[in-house]
Amino acid sequence: MLDMNKSRTATTFFSVVLLVCIIFAYTLPEPVAGNPLWEDAPPKPEQIYIQSDGAIEPSTVPIQRSGSTYTFTSSIFNASLIIKANDIVIDGAGFVLQGTGQNNGFQNIFFEGISIANVQNVTVKQLEIRDFDFGLMITESSKISLVESEVFETIRIGSSSAECKITGNSLSRVEVQGTQNTISNNDFTLPNSHLHVENDGNTIDGNLIYGSIRLALSRNNVVSNNNLSLGLMGIEISASSSHNEIFGNQIAHTDGYGLLISNSFENTIYNNKISNTPIGIYLTEMSSNYGYSNTTNNLFYRNTLTENAQNIRINGEFGNLWDNGEEGNHWSDYNGTDLNNDGIGDTPYVIGTHNTGNYPLMQPLINQELPNNNSAQDTGLFSLGPILAALGIAFTVVIVGLLVYFKRRLP
């Protein structure tokens with residue numbers, strides 16, 4: 001009777017273990033790249049067209065048209081979408097447009113998830129785009145919008161494109177070569193995040209970027225209220241860029257510089273906070289493929305520099321402006337006094353030859369919390385896959401241990 005009870009106990013135990021394993025297996029998230037034909041995918045994506053007359057070619061693809069709105073009815077694999085129609089909406093409905101990876105060795109051929117050329121007033125929304133050379137390519141087009149989407153590869157707004165809006169997305173890299181475009185309220189938290197601007201009159205506002213912003217050959221851009229960390233640098237202004245306005249940004253935990261300015265002039269930088277970097281502000285002049293300009297007459301005021309290994313470094317003898325005539329910047333290593341309690345230091349903050357801050361601020365102006373680069377939850381740099389794999393291994397070890405234990409205890 002005792003042996004029978006032990007046998008029933010063992011059978012019940014093994015049944016429970018098997019049931020738990022089955023439940024665990026079925027609750028694991030299915031990978032996005034789970035296309036059943038993925039291993040046999042063709043080297044070049046197929047092409048889906050929305051023609052200028054609104055027709056979908058081929059007509060069998062899972063995209064449903066209702067007036068000017070085109071809605072995905074399932075994910076699409078191994079294909080690119082080419083848009084030739086004006087005044088339409090592409091609604092991804094939460095589905096995926098997935099390519100075959102990068103160009104697989106083809107020379108001078110780039111695979112694009114969505115290609116938009118010579119059209120206007122197109123909106124793409126709620127779509128995940130991955131495994132292309134370029135997630136979205138906009139060429140000679142205007143008033144193109146991307147909203148509420150996730151794009152794992154580069155988005156490029158070409159030099160003849162204008163008034164495009166990239167808003168409220170999860171992104172990796174954006175290259176802006178056009179004018180009067182807006183990149184706002186996006187999370188650049190995917191791997192290799194970067195935002196590059198190489199033209200005039202663009203607005204970069206309110207983005208969370210685990211990487212950097214670079215302005216090159218650029219004028220009259222506004223870079224405001226962005227939160228940058230974890231990149232090689234925060235913001236770079238280079239290659240004869242001028243008359244750009246940089247304000248309200250928070251830069252922290254970079255590997256190199258918080259703000260780098262090289263060969264650029266007459267930019268205005270104010271109300272920014274730079275902290276926890278090796279060098280907060282770095283000004284230099286260097287030869288480059290873009291030609292040579294002096295790093296002069298850049299205006300800095302009401303910025304807060306604190307907890308940097310070095311707040312500022314200037315490589316060269318050139319002059320810039322470190323106050324607006326009334327207020328300068330807060331430097332955490334300033335050791336002057338404020339005998340009249342007006343919030344302004346009684347003695348200048350001497351930076352170097354031709355560079356002196358005459359009105360150093362005694363107190364920091366921006367106190368918001370910045371991302372913590374030691375937190376997996378904050379940085380978003382850790383994918384769910386490795387975590388689940390580790391949990392799976394731990395679960396397996398526990399189960400095996402229990403099996404061994406009961407095998408020894410039961411005859």
# chains A, B, ... in the order shown; residues from 1 in each chain; ligands from 1
>>> residues_around(residues="region 80-96 of chain A", least_positions_apart="3", cutoff="7 Å", atoms="only C-alpha atoms", output="NGL selection string")
:A and (45-54 or 68-72 or 74-76 or 99 or 112-117 or 119-129)
>>> write_last_selection(atoms="C-alpha atoms", output="mmCIF file, in the first residue's frame")
data_model
loop_
_atom_site.group_PDB
_atom_site.id
_atom_site.type_symbol
_atom_site.label_atom_id
_atom_site.label_comp_id
_atom_site.auth_asym_id
_atom_site.auth_seq_id
_atom_site.Cartn_x
_atom_site.Cartn_y
_atom_site.Cartn_z
ATOM 1 C CA PRO A 45 12.230 41.917 -51.003
ATOM 2 C CA GLU A 46 9.201 41.790 -53.254
ATOM 3 C CA GLN A 47 7.681 45.164 -54.124
ATOM 4 C CA ILE A 48 4.169 46.273 -53.215
ATOM 5 C CA TYR A 49 2.883 49.429 -54.913
ATOM 6 C CA ILE A 50 0.216 51.921 -54.065
ATOM 7 C CA GLN A 51 -0.039 53.530 -57.462
ATOM 8 C CA SER A 52 -0.808 57.178 -58.187
ATOM 9 C CA ASP A 53 -4.423 56.242 -58.977
ATOM 10 C CA GLY A 54 -4.739 54.487 -55.589
ATOM 11 C CA SER A 68 -7.872 57.146 -48.900
ATOM 12 C CA THR A 69 -6.956 54.844 -45.988
ATOM 13 C CA TYR A 70 -4.954 51.650 -46.528
ATOM 14 C CA THR A 71 -5.009 49.274 -43.561
ATOM 15 C CA PHE A 72 -2.796 46.233 -42.971
ATOM 16 C CA SER A 74 -1.830 41.039 -41.237
ATOM 17 C CA SER A 75 1.964 41.321 -41.097
ATOM 18 C CA ILE A 76 3.854 41.390 -44.386
ATOM 19 C CA GLY A 99 12.344 42.684 -44.997
ATOM 20 C CA GLU A 112 13.832 50.157 -48.135
ATOM 21 C CA GLY A 113 10.857 49.236 -45.987
ATOM 22 C CA ILE A 114 8.734 52.117 -47.256
ATOM 23 C CA SER A 115 9.769 54.319 -50.173
ATOM 24 C CA ILE A 116 7.973 57.640 -50.676
ATOM 25 C CA ALA A 117 9.042 59.733 -53.662
ATOM 26 C CA VAL A 119 4.316 62.777 -53.409
ATOM 27 C CA GLN A 120 2.747 64.871 -50.669
ATOM 28 C CA ASN A 121 0.452 64.531 -47.666
ATOM 29 C CA VAL A 122 1.023 60.880 -46.736
ATOM 30 C CA THR A 123 0.692 59.556 -43.173
ATOM 31 C CA VAL A 124 2.118 56.245 -41.955
ATOM 32 C CA LYS A 125 0.954 55.125 -38.529
ATOM 33 C CA GLN A 126 0.961 52.174 -36.117
ATOM 34 C CA LEU A 127 3.421 50.085 -38.129
ATOM 35 C CA GLU A 128 6.539 48.188 -37.106
ATOM 36 C CA ILE A 129 9.288 48.231 -39.747
#
>>> residues_around(residues="Glu140 (chain A)", least_positions_apart="4", cutoff="8 Å", atoms="only C-alpha atoms", output="tab-separated table (two decimals) with C-alpha atoms, in the first residue's frame")
chain	number	residue	atom	x	y	z
A	117	ALA	CA	9.04	59.73	-53.66
A	118	ASN	CA	7.54	62.76	-55.41
A	119	VAL	CA	4.32	62.78	-53.41
A	158	GLY	CA	16.05	63.59	-48.42
A	159	SER	CA	17.47	66.99	-49.33
A	160	SER	CA	14.48	67.98	-51.48
A	161	SER	CA	11.88	67.03	-48.87
>>> select_by_dssp(residues="region 151-313 of chain A", states="strand (DSSP E or B)", output="PyMOL selection string")
chain A and resi 151+154-157+162+165-167+170-171+173-176+179+182-184+187-188+194-197+203-205+208-209+212-216+219+222-224+227-229+233-238+242+245-247+250-252+257-262+265+268-270+273-275+279-284+299-301+304-306+310-313
>>> residues_around(residues="region 282-287 of chain A", least_positions_apart="5", cutoff="10 Å", atoms="only C-alpha atoms", output="count of residues only")
29
>>> closest_atom_pairs(of="region 253-283 of chain A", to="region 332-336 of chain A", cutoff="12 Å", atoms="only C-alpha atoms", output="JSON lines")
{"residue": "A:Lys273", "atom": "CA", "partner": "A:Ser332", "partner_atom": "CA", "distance": 11.6}
{"residue": "A:Ile274", "atom": "CA", "partner": "A:Ser332", "partner_atom": "CA", "distance": 10.8}
{"residue": "A:Ser275", "atom": "CA", "partner": "A:Ser332", "partner_atom": "CA", "distance": 9.8}
{"residue": "A:Asn276", "atom": "CA", "partner": "A:Ser332", "partner_atom": "CA", "distance": 11.5}
{"residue": "A:Gly280", "atom": "CA", "partner": "A:Ser332", "partner_atom": "CA", "distance": 11.1}
>>> closest_residue(among="A:Ile56, A:Ser142, A:Ala309, A:Asn303", to="Leu361 (chain A)", atoms="only C-alpha atoms")
A:Asn303
>>> residues_around(residues="Gly231 (chain A)", least_positions_apart="5", cutoff="8 Å", atoms="only C-alpha atoms", output="VMD selection string")
chain A and resid 210 to 212 253 to 256
>>> closest_residue(among="A:Asn207, A:Asn226, A:Thr304, A:Asn220", to="Thr268 (chain A)", atoms="only C-alpha atoms")
A:Asn220
>>> atom_distance(atom1="CA of Gly325 (chain A)", atom2="CA of Gly357 (chain A)")
9.8 Å
